[in-house]
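Chemist: The following file, protein06.txt, comprises compact mmCIF, C-alpha atoms:
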```
# COMPACT_ATOMS: atom_id res chain seq x y z
CA MET A 1 118.23 100.90 114.24
CA GLU A 2 116.88 99.66 110.92
CA ASN A 3 113.61 98.49 112.48
CA THR A 4 113.17 101.78 114.32
CA LEU A 5 114.23 104.25 111.63
CA GLY A 6 114.03 102.42 108.31
CA LEU A 7 110.66 103.71 107.12
CA GLU A 8 111.12 107.16 108.59
CA ILE A 9 114.43 107.86 106.87
CA ILE A 10 112.75 106.91 103.59
CA GLU A 11 110.11 109.54 104.29
CA VAL A 12 112.88 112.06 105.04
CA VAL A 13 114.45 111.69 101.60
CA GLU A 14 111.05 111.48 99.90
CA GLN A 15 109.97 114.82 101.33
CA ALA A 16 113.25 116.45 100.30
CA ALA A 17 112.92 115.03 96.78
CA ILE A 18 109.34 116.23 96.36
CA ALA A 19 110.18 119.75 97.55
CA SER A 20 113.22 120.03 95.29
CA SER A 21 111.50 118.55 92.25
CA LYS A 22 109.02 121.44 92.18
CA TRP A 23 111.97 123.57 91.05
CA MET A 24 113.15 121.14 88.38
CA GLY A 25 114.06 122.91 85.16
CA LYS A 26 113.62 126.43 86.55
CA GLY A 27 117.31 127.30 86.60
CA GLU A 28 117.31 128.00 90.35
CA LYS A 29 119.79 125.57 91.88
CA ASN A 30 120.06 127.41 95.20
CA ILE A 31 116.31 127.40 95.72
CA ALA A 32 116.09 123.72 94.71
CA ASP A 33 118.66 122.99 97.42
CA GLN A 34 117.12 125.28 100.02
CA VAL A 35 113.63 123.77 99.85
CA ALA A 36 115.11 120.26 100.00
CA VAL A 37 117.04 121.21 103.14
CA GLU A 38 113.94 122.67 104.78
CA ALA A 39 111.78 119.66 103.95
CA MET A 40 114.43 117.18 105.11
CA ARG A 41 114.99 118.98 108.40
CA GLU A 42 111.28 119.34 109.11
CA ARG A 43 110.63 115.61 108.67
CA MET A 44 113.80 114.64 110.52
CA ASN A 45 112.75 116.63 113.57
CA LYS A 46 109.60 114.52 113.83
CA ILE A 47 111.56 111.29 114.31
CA HIS A 48 111.89 109.77 117.78
CA MET A 49 115.70 109.91 117.85
CA ARG A 50 118.79 111.77 119.03
CA GLY A 51 120.57 112.72 115.82
CA ARG A 52 123.63 114.83 115.06
CA ILE A 53 124.63 116.12 111.63
CA VAL A 54 128.25 115.18 110.91
CA ILE A 55 128.10 115.94 107.18
CA GLY A 56 125.64 118.59 106.10
CA GLU A 57 125.18 121.98 104.56
CA GLY A 58 128.27 123.58 106.12
CA GLU A 59 129.37 125.10 109.40
CA ARG A 60 126.93 126.92 111.68
CA ASP A 61 127.73 130.41 110.35
CA ASP A 62 127.33 129.36 106.72
CA ALA A 63 124.17 127.25 106.89
CA PRO A 64 121.11 127.95 109.05
CA MET A 65 119.79 124.39 108.74
CA LEU A 66 121.37 120.92 108.76
CA TYR A 67 124.71 122.50 109.55
CA ILE A 68 127.54 120.34 110.85
CA GLY A 69 126.97 119.72 114.52
CA GLU A 70 123.25 120.48 114.51
CA GLU A 71 121.13 118.15 116.64
CA VAL A 72 117.97 116.80 115.04
CA GLY A 73 115.06 114.63 116.10
CA ILE A 74 112.24 115.04 118.61
CA CYS A 75 114.53 113.98 121.43
CA THR A 76 116.97 116.84 120.83
CA GLN A 77 114.35 119.59 121.01
CA PRO A 78 114.02 121.93 124.03
CA ASP A 79 110.79 120.21 125.12
CA ALA A 80 112.18 116.70 124.55
CA ALA A 81 111.18 115.57 128.06
CA ASN A 82 107.52 115.81 126.99
CA PHE A 83 108.04 113.21 124.28
CA CYS A 84 110.81 110.86 125.35
CA ASN A 85 113.65 110.06 127.69
CA PRO A 86 116.63 111.18 125.59
CA ASP A 87 119.08 109.20 127.72
CA GLU A 88 117.43 105.93 126.69
CA LEU A 89 118.00 106.46 122.97
CA ILE A 90 121.14 105.65 121.02
CA GLU A 91 122.95 108.68 119.63
CA ILE A 92 122.97 108.71 115.83
CA ASP A 93 125.36 110.39 113.39
CA ILE A 94 123.81 111.56 110.14
CA ALA A 95 125.35 112.55 106.80
CA VAL A 96 123.01 114.37 104.44
CA ASP A 97 122.90 115.81 100.96
CA PRO A 98 119.30 116.99 100.55
CA CYS A 99 119.82 117.79 96.87
CA GLU A 100 122.71 115.82 95.38
CA GLY A 101 123.17 117.44 91.99
CA THR A 102 121.62 120.90 92.32
CA ASN A 103 122.58 121.79 88.74
CA LEU A 104 120.89 118.61 87.52
CA VAL A 105 117.64 119.74 89.12
CA ALA A 106 117.97 123.32 87.94
CA TYR A 107 118.45 122.29 84.32
CA GLY A 108 116.18 119.25 84.23
CA GLN A 109 118.99 116.73 83.81
CA PRO A 110 118.97 113.12 85.04
CA GLY A 111 120.51 111.68 88.19
CA SER A 112 119.72 114.09 91.04
CA MET A 113 118.75 112.59 94.40
CA ALA A 114 118.02 113.41 98.02
CA VAL A 115 120.40 111.24 100.06
CA LEU A 116 121.43 110.50 103.63
CA ALA A 117 123.41 107.95 105.61
CA ILE A 118 123.13 107.17 109.31
CA SER A 119 125.08 105.18 111.85
CA GLU A 120 125.59 105.14 115.60
CA LYS A 121 127.68 107.94 117.12
CA GLY A 122 131.19 107.92 115.67
CA GLY A 123 130.18 105.58 112.87
CA LEU A 124 130.64 108.05 110.00
CA PHE A 125 133.88 109.85 109.09
CA ALA A 126 133.44 113.59 109.61
CA ALA A 127 135.04 114.57 106.32
CA PRO A 128 136.18 118.17 105.89
CA ASP A 129 134.64 120.17 103.08
CA PHE A 130 137.56 119.30 100.80
CA TYR A 131 137.77 117.14 97.72
CA MET A 132 138.42 113.43 97.54
CA LYS A 133 139.94 111.12 94.97
CA LYS A 134 137.51 108.22 94.62
CA LEU A 135 137.42 104.71 93.24
CA ALA A 136 134.18 102.74 93.28
CA ALA A 137 133.75 99.30 91.72
CA PRO A 138 131.42 96.27 91.88
CA PRO A 139 131.58 93.68 94.70
CA ALA A 140 133.46 91.26 92.41
CA ALA A 141 136.39 93.69 92.32
CA LYS A 142 136.39 94.53 96.03
CA GLY A 143 139.93 94.61 97.39
CA LYS A 144 141.41 93.87 93.97
CA VAL A 145 141.32 97.24 92.27
CA ASP A 146 143.28 99.89 94.13
CA ILE A 147 143.21 103.67 94.07
CA ASN A 148 147.04 103.72 94.10
CA LYS A 149 147.21 101.83 90.82
CA SER A 150 146.92 103.53 87.47
CA ALA A 151 143.59 103.63 85.67
CA THR A 152 145.01 101.25 83.07
CA GLU A 153 145.99 98.69 85.71
CA ASN A 154 142.62 98.92 87.41
CA LEU A 155 140.78 98.48 84.14
CA LYS A 156 142.68 95.24 83.47
CA ILE A 157 141.86 93.98 86.97
CA LEU A 158 138.23 95.03 86.68
CA ALA A 159 137.85 93.29 83.33
CA GLU A 160 139.22 90.06 84.81
CA CYS A 161 136.96 90.29 87.87
CA LEU A 162 133.87 90.87 85.76
CA GLU A 163 134.89 88.36 83.08
CA ARG A 164 134.53 90.81 80.23
CA SER A 165 136.80 92.75 77.92
CA ILE A 166 138.06 96.22 78.76
CA GLU A 167 136.17 97.49 75.73
CA GLU A 168 132.92 96.46 77.41
CA LEU A 169 133.58 98.51 80.54
CA VAL A 170 131.89 101.87 81.21
CA ILE A 171 133.70 104.20 83.60
CA VAL A 172 132.00 107.28 85.03
CA VAL A 173 134.12 110.41 85.39
CA MET A 174 133.02 113.93 86.27
CA LYS A 175 133.57 116.36 83.40
CA ARG A 176 136.25 118.58 84.91
CA GLU A 177 139.53 120.01 83.62
CA ARG A 178 141.41 118.10 86.32
CA HIS A 179 140.27 114.83 84.76
CA ASN A 180 141.52 115.43 81.21
CA ASP A 181 144.50 113.09 81.59
CA LEU A 182 142.41 110.45 83.38
CA ILE A 183 139.80 110.47 80.64
CA LYS A 184 142.49 110.17 77.98
CA GLU A 185 144.10 107.20 79.76
CA ILE A 186 140.79 105.36 80.18
CA ARG A 187 139.97 105.79 76.51
CA GLU A 188 143.44 104.76 75.36
CA ALA A 189 143.14 101.61 77.49
CA GLY A 190 140.01 100.76 75.49
CA ALA A 191 137.23 101.39 78.00
CA ARG A 192 134.28 103.70 77.46
CA VAL A 193 133.82 106.90 79.46
CA ALA A 194 130.48 108.23 80.66
CA LEU A 195 130.95 111.89 81.58
CA ILE A 196 128.71 113.46 84.21
CA SER A 197 128.43 117.11 85.16
CA ASP A 198 127.40 116.52 88.78
CA GLY A 199 126.11 113.86 91.17
CA ASP A 200 128.82 111.24 91.68
CA VAL A 201 127.00 109.57 94.61
CA GLY A 202 124.56 107.95 92.21
CA ALA A 203 127.39 106.90 89.93
CA ALA A 204 129.29 105.25 92.80
CA ILE A 205 126.24 103.36 94.02
CA SER A 206 125.38 102.21 90.50
CA CYS A 207 128.64 100.24 90.52
CA GLY A 208 127.18 98.08 93.27
CA PHE A 209 124.26 96.90 91.13
CA ALA A 210 124.44 94.65 88.09
CA GLY A 211 122.54 95.88 85.06
CA THR A 212 123.27 99.60 85.42
CA ASN A 213 126.02 99.42 82.76
CA ILE A 214 128.33 101.37 85.09
CA HIS A 215 131.41 99.44 86.13
CA ALA A 216 133.51 102.00 88.02
CA LEU A 217 133.68 105.57 89.21
CA MET A 218 137.06 107.26 89.00
CA GLY A 219 138.30 110.77 89.70
CA ILE A 220 138.00 113.60 92.18
CA GLY A 221 134.75 114.83 93.71
CA ALA A 222 133.54 116.32 96.98
CA ALA A 223 134.74 114.57 100.14
CA PRO A 224 131.44 114.71 102.11
CA GLU A 225 129.62 112.95 99.27
CA GLY A 226 132.42 110.38 99.31
CA VAL A 227 131.47 109.38 102.86
CA ILE A 228 127.81 108.99 101.85
CA SER A 229 128.84 106.87 98.86
CA ALA A 230 131.09 104.77 101.09
CA ALA A 231 128.20 104.07 103.47
CA ALA A 232 126.07 102.75 100.63
CA MET A 233 128.89 100.74 99.07
CA ARG A 234 129.85 99.19 102.39
CA ALA A 235 126.26 98.00 102.86
CA LEU A 236 126.22 96.69 99.27
CA GLY A 237 129.55 94.89 99.62
CA GLY A 238 131.06 96.96 96.83
CA HIS A 239 134.52 98.50 96.56
CA PHE A 240 135.08 102.09 97.61
CA GLN A 241 138.27 103.97 98.40
CA GLY A 242 138.78 107.67 99.04
CA GLN A 243 141.81 109.89 99.51
CA LEU A 244 141.48 113.51 100.62
CA ILE A 245 142.73 116.12 98.16
CA TYR A 246 143.97 119.25 99.90
CA ASP A 247 146.12 120.88 97.21
CA PRO A 248 144.33 123.60 95.19
CA ALA A 249 146.72 122.95 92.31
CA VAL A 250 145.31 119.42 91.93
CA VAL A 251 141.65 120.38 92.07
CA LYS A 252 142.22 123.56 90.00
CA THR A 253 138.90 125.16 91.02
CA GLY A 254 136.61 125.36 93.99
CA LEU A 255 138.78 124.00 96.81
CA ILE A 256 138.04 125.56 100.19
CA GLY A 257 141.17 126.93 101.84
CA GLU A 258 143.82 129.47 100.98
CA SER A 259 146.73 127.13 100.28
CA ARG A 260 148.03 123.58 100.46
CA GLU A 261 149.81 124.35 103.72
CA ALA A 262 146.76 125.97 105.30
CA ASN A 263 144.64 122.98 104.34
CA ILE A 264 147.13 120.56 105.91
CA ASP A 265 146.97 122.63 109.11
CA ARG A 266 143.19 122.45 109.02
CA LEU A 267 143.32 118.67 108.69
CA LYS A 268 145.68 118.45 111.67
CA SER A 269 143.21 120.52 113.71
CA MET A 270 140.64 117.82 112.90
CA ASN A 271 143.06 115.11 114.14
CA ILE A 272 143.80 113.97 110.59
CA ASN A 273 147.56 113.67 110.83
CA ASP A 274 148.12 111.67 107.65
CA PRO A 275 146.59 113.84 104.91
CA ASP A 276 147.48 111.30 102.21
CA LYS A 277 145.83 108.30 103.88
CA VAL A 278 143.66 106.12 101.65
CA TYR A 279 140.37 105.24 103.35
CA ASP A 280 138.23 102.26 102.47
CA ALA A 281 134.47 101.99 102.90
CA HIS A 282 134.76 100.44 106.36
CA GLU A 283 136.88 103.36 107.57
CA LEU A 284 134.62 106.05 106.11
CA ALA A 285 131.50 104.28 107.41
CA SER A 286 132.81 102.32 110.37
CA GLY A 287 129.65 101.92 112.45
CA LYS A 288 128.24 98.56 113.43
CA THR A 289 124.99 99.52 111.71
CA VAL A 290 124.98 101.63 108.55
CA LEU A 291 121.84 102.72 106.71
CA PHE A 292 121.67 104.61 103.43
CA ALA A 293 118.57 106.13 101.88
CA ALA A 294 117.98 108.02 98.64
CA SER A 295 115.00 109.26 96.68
CA GLY A 296 115.15 110.29 93.04
CA ILE A 297 114.51 113.93 92.23
CA THR A 298 115.12 113.55 88.51
CA SER A 299 115.24 110.08 86.94
CA GLY A 300 118.57 108.27 86.81
CA ASN A 301 120.11 104.81 86.49
CA LEU A 302 118.76 103.56 89.80
CA MET A 303 115.53 105.42 90.47
CA GLN A 304 112.84 107.36 88.71
CA GLY A 305 112.41 110.98 89.67
CA VAL A 306 109.36 112.55 91.26
CA ARG A 307 106.26 112.34 89.07
CA PHE A 308 103.35 114.62 89.86
CA PHE A 309 99.73 113.89 89.06
CA ASN A 310 96.44 115.60 89.91
CA GLY A 311 96.28 115.46 93.70
CA GLY A 312 99.58 113.81 94.46
CA ALA A 313 103.04 112.62 93.49
CA ARG A 314 104.89 109.36 93.07
CA THR A 315 108.44 108.76 94.29
CA GLN A 316 110.94 105.95 93.98
CA SER A 317 113.45 105.48 96.77
CA LEU A 318 116.23 103.14 97.81
CA VAL A 319 117.23 102.08 101.31
CA ILE A 320 120.32 99.94 101.88
CA SER A 321 121.19 98.27 105.18
CA ASN A 322 124.28 96.37 106.25
CA GLN A 323 122.25 95.06 109.20
CA SER A 324 119.67 93.12 107.20
CA LYS A 325 121.90 92.94 104.10
CA THR A 326 119.13 94.31 101.92
CA ALA A 327 118.67 96.93 99.22
CA ARG A 328 114.99 97.84 99.04
CA PHE A 329 113.44 99.88 96.26
CA VAL A 330 110.36 101.65 97.56
CA ASP A 331 107.66 102.99 95.25
CA THR A 332 105.39 105.47 97.05
CA ILE A 333 102.28 107.39 96.10
CA HIS A 334 101.81 110.59 98.09
CA MET A 335 98.25 111.91 98.27
CA PHE A 336 98.17 115.66 98.82
CA GLY A 337 94.41 116.01 98.83
CA GLU A 338 91.62 114.09 97.16
CA PRO A 339 93.17 112.76 93.93
CA LYS A 340 90.86 111.90 91.05
CA SER A 341 92.82 108.70 90.49
CA LEU A 342 96.12 107.20 91.60
CA GLN A 343 98.96 107.23 89.08
CA LEU A 344 100.29 103.72 88.53
CA ASN A 345 102.64 104.36 85.63
```
Let me see the file written as structure tokens.
Modeler:
Amino acid sequence: MENTLGLEIIEVVEQAAIASSKWMGKGEKNIADQVAVEAMRERMNKIHMRGRIVIGEGERDDAPMLYIGEEVGICTQPDAANFCNPDELIEIDIAVDPCEGTNLVAYGQPGSMAVLAISEKGGLFAAPDFYMKKLAAPPAAKGKVDINKSATENLKILAECLERSIEELVIVVMKRERHNDLIKEIREAGARVALISDGDVGAAISCGFAGTNIHALMGIGAAPEGVISAAAMRALGGHFQGQLIYDPAVVKTGLIGESREANIDRLKSMNINDPDKVYDAHELASGKTVLFAASGITSGNLMQGVRFFNGGARTQSLVISNQSKTARFVDTIHMFGEPKSLQLN
């Protein structure tokens, strides 16, 4: 899968990033997302594959493109027989977030990315559009920190695993009312808190790399993005746990569903009979082969954002594979016409 799709999935996220970045700083988050979706879908439908969106822009009635269940790739098109024998190709599940951090793009803030994860059919958890309590940590702490422990306990464990003091730790938390007590506990334990407004996929992945000065992600964010983060962290060998949050009283704002009881019923209809189950990275991204790709829209800890120059643009992307056990940073110059000179810095 990596040999067949590796370069092409990089181009998928690159095209989404370029399209979205043209709306950076214009205050139009919905347009920044829409153009990323369109660009991602267009490039995806040129790939020689049989793909199915398992995490995307919403259900069919809510999203015209990259909706959950949509089939993508040349070999899913009506005229597929002219290009390939669909039955000979492995079926692929795809999780996408064409513009992770729409507000970050709209207001010119760092850390937005175009991201996707792929695996063979059934290899990615089809998370409902709920929220998820998350814990991400470096490989050294894998299996040692635990989402069921308090933040204070996990900070002590993390400090021991990383051979540093708690005061040297930086914990990323989304700036939300629901996290007020968590933020207070982290600070009282002695660690430092880096608050973000959006985009916790990048924060989770940063835990898997030394030198980012991010040592854990804690708190509640969107469940679909949790699956994408888990795919990347599984390939990196990092720690990731997620637990679905279905009670509006916990999330406080934005939870889909009328009530706690209705949300539990919805989970049961999706064959999720234990709503409080804690999932690890291997359960959220269980496939034999897992690939993750991201391209920076605005610059962040891991990647630079899209930089335009006369006649082209430059992107920086990341592709992570559990198959080859690699994390490749890809620097690409895109030539739109006849550039006067190529931008090297």
Chemist: Please, what distance in Å, to one decimal, runs between atom CA of Ala294 of chain A and atom CA of Arg192 of chain A?
Modeler: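 One can read the atom CA of Ala294 of chain A to atom CA of Arg192 of chain A distance as 27.1 Å.
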Chemist: Do you know which residues are at most 10 Å from Gly199 of chain A counting all atoms listed in the file, after dropping those on the same chain fewer than 2 positions away, and could you put them as number ranges by chain?
Modeler: A: 99-104, 110-113, 174, 196-197, 201-204, 221-222, 225
Chemist: Just want the 7 Å neighbourhood of Lys133 of chain A, counted on all atoms listed in the file, with same-chain residues fewer than 5 positions away dropped. Output as an MDAnalysis selection string.
Modeler: chainID A and resid 219:221 242:245
Chemist: Which neighbours of segment 43-49 of chain A fall inside 6 Å, counting all atoms listed in the file, when residues of the same chain fewer than 3 positions from it are skipped, and could you give them as a ChimeraX atom specification?
Modeler: /A:12,40,72-75
Chemist: Show me, as a PyMOL selection string, the residues that have an atom within 10 Å of Asn322 of chain A when counting only C-alpha atoms, minus same-chain residues fewer than 5 positions from it.
Modeler: chain A and resi 2+231-237+287-292+327
Chemist: Kindly export the residues of the current selection with C-alpha atoms, as a PDB file, in the coordinates of the input.
Modeler:
```
ATOM      1  CA  GLU A   2     116.880  99.660 110.920  1.00  0.00           C
ATOM      2  CA  ALA A 231     128.200 104.070 103.470  1.00  0.00           C
ATOM      3  CA  ALA A 232     126.070 102.750 100.630  1.00  0.00           C
ATOM      4  CA  MET A 233     128.890 100.740  99.070  1.00  0.00           C
ATOM      5  CA  ARG A 234     129.850  99.190 102.390  1.00  0.00           C
ATOM      6  CA  ALA A 235     126.260  98.000 102.860  1.00  0.00           C
ATOM      7  CA  LEU A 236     126.220  96.690  99.270  1.00  0.00           C
ATOM      8  CA  GLY A 237     129.550  94.890  99.620  1.00  0.00           C
ATOM      9  CA  GLY A 287     129.650 101.920 112.450  1.00  0.00           C
ATOM     10  CA  LYS A 288     128.240  98.560 113.430  1.00  0.00           C
ATOM     11  CA  THR A 289     124.990  99.520 111.710  1.00  0.00           C
ATOM     12  CA  VAL A 290     124.980 101.630 108.550  1.00  0.00           C
ATOM     13  CA  LEU A 291     121.840 102.720 106.710  1.00  0.00           C
ATOM     14  CA  PHE A 292     121.670 104.610 103.430  1.00  0.00           C
ATOM     15  CA  ALA A 327     118.670  96.930  99.220  1.00  0.00           C
TER      16      ALA A 327
END
```
Chemist: One decimal, Å: what's the distance from atom CA of Leu116 of chain A over to atom CA of Ala293 of chain A, could you say?
Modeler: 5.5 Å
Chemist: Please list as number ranges by chain every residue within 7 Å of Glu71 of chain A, counting all atoms listed in the file and excluding residues in the same chain fewer than 2 positions away.
Modeler: A: 51-53, 69, 76
Chemist: Just give me the gap between atom CA of Glu8 of chain A and atom CA of Lys26 of chain A in Å, one decimal is fine.
Modeler: 29.4 Å
Chemist: Taking only C-alpha atoms into account, name the residue in A:Lys252, A:Lys22, A:His239, A:Arg178 that is nearest to His282 of chain A.
Modeler: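 When distances to His282 of chain A are compared using only C-alpha atoms, the smallest one comes from A:His239.
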Chemist: So that each row is one residue of segment 195-222 of chain A with an atom at most 9 Å from segment 145-165 of chain A, can you give its shortest atom pair and the distance in Å to one decimal, using only C-alpha atoms, rows by chain and rising number, as JSON lines?
Modeler:
```
{"residue": "A:His215", "atom": "CA", "partner": "A:Leu158", "partner_atom": "CA", "distance": 8.1}
{"residue": "A:Ala216", "atom": "CA", "partner": "A:Leu158", "partner_atom": "CA", "distance": 8.5}
{"residue": "A:Met218", "atom": "CA", "partner": "A:Ala151", "partner_atom": "CA", "distance": 8.2}
```
Chemist: Return the single residue from A:Ile94, A:Leu302, A:Ile166, A:Ala249 that is closest to Thr212 of chain A, with distances computed using all atoms listed in the file.
Modeler: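 Once distances to Thr212 of chain A are computed over all atoms listed in the file, the minimum belongs to A:Leu302.
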Chemist: Out of A:Ala80, A:Ile183, A:Cys207, A:Tyr107, which residue has the shortest atom-to-atom distance to Lys29 of chain A when counting only C-alpha atoms?
Modeler: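 Selected residue with least distance to Lys29 of chain A: A:Tyr107.
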